[in-house]
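What follows is the content of start14.tsv, which has TSV, C-alpha atoms:
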```tsv
chain	number	residue	atom	x	y	z
A	13	MET	CA	48.45	-46.02	-25.84
A	14	PRO	CA	46.58	-42.81	-26.86
A	15	SER	CA	46.10	-40.13	-24.28
A	16	PRO	CA	42.57	-39.57	-22.91
A	17	VAL	CA	40.37	-37.15	-24.88
A	18	GLN	CA	39.56	-34.13	-22.73
A	19	GLN	CA	38.06	-30.71	-23.34
A	20	GLN	CA	38.60	-27.72	-21.10
A	21	ALA	CA	35.34	-26.27	-19.73
A	22	ALA	CA	34.51	-22.70	-20.80
A	23	ALA	CA	32.64	-20.35	-18.46
A	24	VAL	CA	29.75	-18.38	-20.00
A	25	HIS	CA	28.74	-15.33	-17.96
A	26	LEU	CA	25.08	-14.30	-18.20
A	27	SER	CA	23.88	-11.04	-16.64
A	28	ASN	CA	21.22	-8.37	-17.13
A	29	LEU	CA	22.47	-5.04	-18.37
A	30	THR	CA	19.15	-3.45	-17.29
A	31	ASP	CA	16.12	-4.49	-15.29
A	32	ALA	CA	12.59	-3.11	-15.45
A	33	ALA	CA	9.23	-3.12	-13.69
A	34	CYS	CA	6.00	-2.91	-15.68
A	35	VAL	CA	2.39	-2.42	-14.58
A	36	VAL	CA	-0.86	-2.00	-16.51
A	37	HIS	CA	-3.78	0.02	-15.11
A	38	GLN	CA	-7.25	0.62	-16.53
A	39	PHE	CA	-8.89	3.91	-15.62
A	40	LYS	CA	-12.61	4.54	-16.00
A	41	ILE	CA	-13.57	8.16	-16.60
A	42	ASN	CA	-17.09	8.63	-15.23
A	43	GLY	CA	-19.02	11.83	-15.86
A	44	TYR	CA	-17.16	12.55	-19.08
A	45	SER	CA	-19.47	15.38	-20.10
A	46	ALA	CA	-18.71	17.23	-16.85
A	47	THR	CA	-14.94	16.85	-17.33
A	48	LYS	CA	-15.21	18.75	-20.60
A	49	SER	CA	-15.72	21.93	-18.56
A	50	MET	CA	-12.11	21.70	-17.31
A	51	ALA	CA	-9.76	24.52	-18.25
A	52	ARG	CA	-6.86	23.80	-20.57
A	53	THR	CA	-4.41	23.99	-17.66
A	54	ASP	CA	-6.40	21.63	-15.40
A	55	SER	CA	-6.04	17.87	-15.07
A	56	LEU	CA	-7.48	15.11	-12.90
A	57	PRO	CA	-5.02	12.78	-11.09
A	58	SER	CA	-5.40	9.07	-10.45
A	59	LYS	CA	-4.72	7.47	-7.10
A	60	ARG	CA	-1.05	6.94	-6.19
A	61	LEU	CA	0.57	4.05	-8.07
A	62	ALA	CA	3.72	2.23	-6.92
A	63	VAL	CA	5.91	1.25	-9.87
A	64	GLY	CA	9.55	0.20	-9.63
A	65	GLY	CA	9.97	1.55	-6.10
A	66	TYR	CA	8.52	4.99	-6.89
A	67	GLU	CA	5.10	6.54	-6.41
A	68	ARG	CA	3.40	8.01	-9.46
A	69	GLU	CA	0.13	9.43	-10.72
A	70	VAL	CA	-1.55	9.34	-14.10
A	71	HIS	CA	-3.22	12.63	-15.05
A	72	TYR	CA	-6.17	13.00	-17.43
A	73	THR	CA	-7.50	15.94	-19.39
A	74	PRO	CA	-10.13	16.20	-22.13
A	75	SER	CA	-9.00	19.73	-22.97
A	76	LEU	CA	-5.50	19.49	-24.43
A	77	VAL	CA	-5.35	21.88	-27.38
A	78	VAL	CA	-3.70	20.34	-30.44
A	79	ASP	CA	-4.02	21.83	-33.92
A	80	GLY	CA	-6.89	24.03	-32.80
A	81	GLY	CA	-8.97	21.17	-31.35
A	82	TYR	CA	-9.56	19.64	-27.92
A	83	TRP	CA	-7.97	16.24	-27.39
A	84	ILE	CA	-8.28	13.58	-24.71
A	85	ALA	CA	-4.81	13.15	-23.22
A	86	PHE	CA	-2.88	11.51	-20.38
A	87	ARG	CA	0.49	12.12	-18.75
A	88	LEU	CA	2.68	10.50	-16.08
A	89	VAL	CA	3.84	12.28	-12.91
A	90	LEU	CA	6.67	11.15	-10.60
A	91	LEU	CA	5.82	11.92	-6.95
A	92	SER	CA	8.90	10.62	-5.10
A	93	ALA	CA	12.43	11.96	-5.51
A	94	PRO	CA	14.82	9.88	-7.65
A	95	ARG	CA	17.47	7.89	-5.77
A	96	ARG	CA	19.90	8.33	-8.67
A	97	ASN	CA	20.45	10.86	-11.45
A	98	ASP	CA	17.09	10.14	-13.04
A	99	VAL	CA	14.31	7.57	-13.33
A	100	LYS	CA	13.77	6.36	-16.87
A	101	ALA	CA	10.21	5.39	-17.74
A	102	ALA	CA	8.04	4.57	-20.73
A	103	PHE	CA	4.35	5.48	-20.73
A	104	ARG	CA	1.73	4.08	-23.11
A	105	CYS	CA	-2.03	4.71	-23.18
A	106	ARG	CA	-4.94	3.59	-25.33
A	107	LEU	CA	-8.69	4.09	-25.30
A	108	LEU	CA	-11.01	1.13	-24.92
A	109	TYR	CA	-14.66	0.71	-25.67
A	110	ALA	CA	-17.19	-1.56	-24.01
A	111	SER	CA	-19.55	-3.91	-25.84
A	112	SER	CA	-22.08	-5.52	-23.54
A	113	ASN	CA	-24.82	-8.13	-23.93
A	114	SER	CA	-27.27	-9.81	-21.59
A	115	ARG	CA	-24.72	-12.32	-20.28
A	116	GLN	CA	-21.47	-10.47	-19.83
A	117	GLN	CA	-19.57	-7.29	-20.54
A	118	ARG	CA	-16.36	-7.29	-22.49
A	119	VAL	CA	-13.79	-4.58	-23.19
A	120	TYR	CA	-12.10	-4.32	-26.57
A	121	CYS	CA	-9.38	-2.08	-27.92
A	122	VAL	CA	-10.57	0.51	-30.42
A	123	ARG	CA	-9.11	-0.24	-33.84
A	124	ASP	CA	-9.08	2.28	-36.65
A	125	ALA	CA	-6.66	3.62	-39.22
A	126	ALA	CA	-5.46	6.57	-37.16
A	127	GLY	CA	-5.44	4.66	-33.86
A	128	MET	CA	-6.44	5.77	-30.39
A	129	GLU	CA	-3.21	5.13	-28.55
A	130	GLY	CA	0.15	6.74	-27.98
A	131	GLN	CA	3.36	6.34	-26.05
A	132	MET	CA	6.43	8.27	-24.94
A	133	SER	CA	9.61	7.90	-22.89
A	134	HIS	CA	10.81	10.31	-20.21
A	135	ALA	CA	13.73	10.60	-17.76
A	136	PHE	CA	12.42	12.03	-14.48
A	137	LYS	CA	15.03	14.04	-12.55
A	138	GLN	CA	13.01	15.36	-9.59
A	139	ALA	CA	9.89	14.81	-7.53
A	140	LYS	CA	6.58	16.06	-8.96
A	141	GLU	CA	8.01	16.18	-12.46
A	142	SER	CA	5.62	15.40	-15.31
A	143	SER	CA	6.11	13.75	-18.64
A	144	GLY	CA	4.65	15.36	-21.72
A	145	TRP	CA	1.01	14.79	-22.60
A	146	ILE	CA	0.04	11.86	-24.79
A	147	PRO	CA	-2.80	13.11	-27.01
A	148	LEU	CA	-4.97	10.14	-27.95
A	149	ARG	CA	-7.79	11.58	-30.10
A	150	LYS	CA	-9.96	14.61	-30.61
A	151	ARG	CA	-13.00	14.75	-28.34
A	152	ASP	CA	-15.51	14.94	-31.16
A	153	TYR	CA	-13.94	11.95	-32.90
A	154	VAL	CA	-14.06	9.88	-29.71
A	155	GLU	CA	-17.69	10.81	-29.16
A	156	ALA	CA	-18.60	9.89	-32.74
A	157	ALA	CA	-16.76	6.55	-32.47
A	158	ARG	CA	-19.05	5.52	-29.60
A	159	VAL	CA	-16.17	4.99	-27.21
A	160	ILE	CA	-18.20	6.84	-24.57
A	161	GLU	CA	-21.01	4.78	-23.08
A	162	ASN	CA	-23.33	5.98	-20.30
A	163	ASP	CA	-21.20	9.14	-20.06
A	164	SER	CA	-18.03	7.16	-19.29
A	165	PHE	CA	-15.11	5.55	-21.08
A	166	THR	CA	-12.06	3.44	-20.17
A	167	ALA	CA	-8.38	4.03	-20.84
A	168	GLU	CA	-5.58	1.52	-20.37
A	169	CYS	CA	-2.13	2.80	-19.40
A	170	THR	CA	1.11	0.82	-19.25
A	171	ILE	CA	4.03	2.11	-17.17
A	172	THR	CA	7.51	0.63	-17.57
A	173	VAL	CA	10.34	1.78	-15.28
A	174	VAL	CA	14.04	0.94	-15.47
A	175	THR	CA	14.96	-0.30	-11.99
A	176	GLU	CA	18.23	-0.69	-10.11
A	177	LEU	CA	19.95	-4.01	-10.66
A	178	PRO	CA	20.46	-6.21	-7.57
A	179	GLU	CA	23.89	-7.42	-6.55
A	180	PRO	CA	25.03	-10.12	-9.01
A	181	ASP	CA	24.66	-13.74	-7.94
A	182	THR	CA	27.62	-15.55	-9.45
A	183	ALA	CA	26.02	-18.91	-8.77
A	184	LYS	CA	23.19	-17.98	-11.15
A	185	THR	CA	25.09	-15.92	-13.70
A	186	ASN	CA	27.98	-18.31	-14.33
A	187	VAL	CA	27.07	-21.21	-16.57
A	188	VAL	CA	29.81	-23.80	-17.00
A	189	LEU	CA	29.74	-26.02	-20.03
A	190	PRO	CA	30.10	-29.75	-19.20
A	191	ARG	CA	33.54	-31.36	-19.25
A	192	LEU	CA	34.01	-34.33	-21.53
A	193	ARG	CA	35.39	-37.30	-19.61
A	194	PRO	CA	37.79	-39.90	-21.07
A	195	LEU	CA	36.08	-42.84	-22.71
A	196	SER	CA	36.32	-45.90	-20.46
A	197	GLY	CA	35.93	-48.30	-23.39
A	198	LEU	CA	38.74	-46.83	-25.47
A	199	HIS	CA	41.78	-49.12	-25.46
A	200	SER	CA	44.20	-50.82	-27.79
A	201	LEU	CA	42.87	-53.39	-30.18
A	202	HIS	CA	44.66	-56.73	-30.22
A	203	GLN	CA	44.32	-58.50	-33.48
A	204	SER	CA	45.06	-62.16	-34.21
A	205	GLY	CA	47.20	-63.27	-37.06
A	206	ASP	CA	44.22	-63.62	-39.39
A	207	GLY	CA	43.21	-59.96	-38.84
A	208	SER	CA	40.18	-60.69	-36.63
A	209	ASP	CA	39.57	-58.81	-33.37
A	210	ASP	CA	40.21	-61.28	-30.60
A	211	SER	CA	39.42	-58.74	-27.87
A	212	GLY	CA	35.81	-58.06	-28.92
A	213	ALA	CA	36.48	-54.32	-28.96
A	214	GLY	CA	36.46	-53.85	-32.70
A	215	ARG	CA	33.02	-52.17	-32.77
A	216	ALA	CA	32.99	-48.42	-33.39
A	217	ALA	CA	33.26	-46.08	-30.40
A	218	ARG	CA	31.47	-42.64	-30.39
A	219	LEU	CA	32.32	-39.54	-28.38
A	220	PRO	CA	29.48	-38.21	-26.25
A	221	GLU	CA	27.88	-35.04	-27.69
A	222	ALA	CA	28.62	-31.81	-25.83
A	223	GLN	CA	25.52	-29.99	-24.52
A	224	GLY	CA	25.42	-26.28	-23.80
A	225	GLN	CA	22.86	-23.74	-22.67
A	226	VAL	CA	21.26	-21.64	-25.40
A	227	CYS	CA	20.94	-17.99	-24.41
```
In structure tokens, write the structure found in this file.
Amino acid sequence: MPSPVQQQAAAVHLSNLTDAACVVHQFKINGYSATKSMARTDSLPSKRLAVGGYEREVHYTPSLVVDGGYWIAFRLVLLSAPRRNDVKAAFRCRLLYASSNSRQQRVYCVRDAAGMEGQMSHAFKQAKESSGWIPLRKRDYVEAARVIENDSFTAECTITVVTELPEPDTAKTNVVLPRLRPLSGLHSLHQSGDGSDDSGAGRAARLPEAQGQVC
């Protein structure tokens, strides 16, 4: 009699190598014309933002000098001290423009060949450290593109922070493939002298298909 067909289960371990927190904020700059009087070393901070267990600010300036012109720019500032060697973050900003009608007001992303967005990554090592500036566009270009409406415009900033991984939960990270059980209907066939199956078990038997989790 043949031995039962069995397959040893294989453990597949799934775990995150990194984890991250991500938030998106839209900032409206009111009184744009007045902000143009800011000195090149000045900037205006946002309210405090909690991202990935740390407090941060987004700073704005319309007076970043790039290639001899004034650019609208944003940067990210870490306010709290890192709990490890550094805090790795990605910072992305883009300008938006508003198109309104009598029923509702909608905000769209500005689309042009050169773009009005930028991004950068930075490893913060101490409190009150700043990333570099992200220059989005020259002031005169932004004004000509009608991004500014009623002396205001909107910028959208995305902050992504690599966070500390929690303690692993083996119940969630270990995935065990199913074990194939012996077939209950598999047995010896008894044939009569004329070659017919007198046991009724001559029909074909199929092994159940193994199912596994797709990562």
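Within 12 Å of the point (17.9, -2.7, -10.3), and counting only C-alpha atoms, the protein, DNA and RNA residues are A:Asn28, A:Leu29, A:Thr30, A:Asp31, A:Ala32, A:Ala33, A:Gly64, A:Gly65, A:Arg95, A:Arg96, A:Val99, A:Lys100, A:Val173, A:Val174, A:Thr175, A:Glu176, A:Leu177, A:Pro178, A:Glu179, A:Pro180.
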Pick out the residues sitting within 9 Å of stretch 73-85 of chain A, and hand them over as a PDB file with C-alpha atoms, in the frame of the given file; count only C-alpha atoms, and ignore anything fewer than 4 positions along from it in its own chain.
```
ATOM      1  CA  TYR A  44     -17.160  12.550 -19.080  1.00  0.00           C
ATOM      2  CA  THR A  47     -14.940  16.850 -17.330  1.00  0.00           C
ATOM      3  CA  LYS A  48     -15.210  18.750 -20.600  1.00  0.00           C
ATOM      4  CA  SER A  49     -15.720  21.930 -18.560  1.00  0.00           C
ATOM      5  CA  MET A  50     -12.110  21.700 -17.310  1.00  0.00           C
ATOM      6  CA  ALA A  51      -9.760  24.520 -18.250  1.00  0.00           C
ATOM      7  CA  ARG A  52      -6.860  23.800 -20.570  1.00  0.00           C
ATOM      8  CA  THR A  53      -4.410  23.990 -17.660  1.00  0.00           C
ATOM      9  CA  ASP A  54      -6.400  21.630 -15.400  1.00  0.00           C
ATOM     10  CA  SER A  55      -6.040  17.870 -15.070  1.00  0.00           C
ATOM     11  CA  LEU A  56      -7.480  15.110 -12.900  1.00  0.00           C
ATOM     12  CA  CYS A 105      -2.030   4.710 -23.180  1.00  0.00           C
ATOM     13  CA  TRP A 145       1.010  14.790 -22.600  1.00  0.00           C
ATOM     14  CA  ILE A 146       0.040  11.860 -24.790  1.00  0.00           C
ATOM     15  CA  PRO A 147      -2.800  13.110 -27.010  1.00  0.00           C
ATOM     16  CA  LEU A 148      -4.970  10.140 -27.950  1.00  0.00           C
ATOM     17  CA  ARG A 149      -7.790  11.580 -30.100  1.00  0.00           C
ATOM     18  CA  LYS A 150      -9.960  14.610 -30.610  1.00  0.00           C
ATOM     19  CA  ARG A 151     -13.000  14.750 -28.340  1.00  0.00           C
ATOM     20  CA  ASP A 152     -15.510  14.940 -31.160  1.00  0.00           C
ATOM     21  CA  VAL A 154     -14.060   9.880 -29.710  1.00  0.00           C
TER      22      VAL A 154
END
```
Exercise: A:Gly144 partners within 9 Å, all atoms listed in the file, chain neighbours under 2 positions left out, as a list in words: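 Surrounding residues, per the criterion: Phe86, Arg87, Leu88, Met132, His134, Ser142 and Ile146 of chain A.
Going from atom CA of A:Thr172 over to atom CA of A:Tyr153, you cover 28.7 Å.
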Atom CA of A:Tyr66 to atom CA of A:Thr166, straight-line distance in Å: 24.5 Å
Pairwise distance for atom CA of A:Ser133 and atom CA of A:Lys40, rounded to one decimal in Å: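 Separation between atom CA of A:Ser133 and atom CA of A:Lys40: 23.5 Å.
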Padding of 8 Å on every side, edges along x, y and z, all listed atoms of stretch 69-88 of chain A included: what centre and edge lengths in Å, to one decimal, does that box have, as JSON?
```
{"center_x": -3.7, "center_y": 16.7, "center_z": -22.3, "size_x": 28.8, "size_y": 30.7, "size_z": 39.2}
```
Shortest interatomic distance to A:Ala62 - which of A:Ala135, A:Leu26, A:Leu107, A:Ile171, counting only C-alpha atoms: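 Of all the options, A:Ile171 lies closest to A:Ala62.
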Selected residue, from A:Asp98, A:Ser164, A:Ser45, A:Phe39, that lies nearest to A:Val70 when counting all atoms listed in the file: A:Phe39
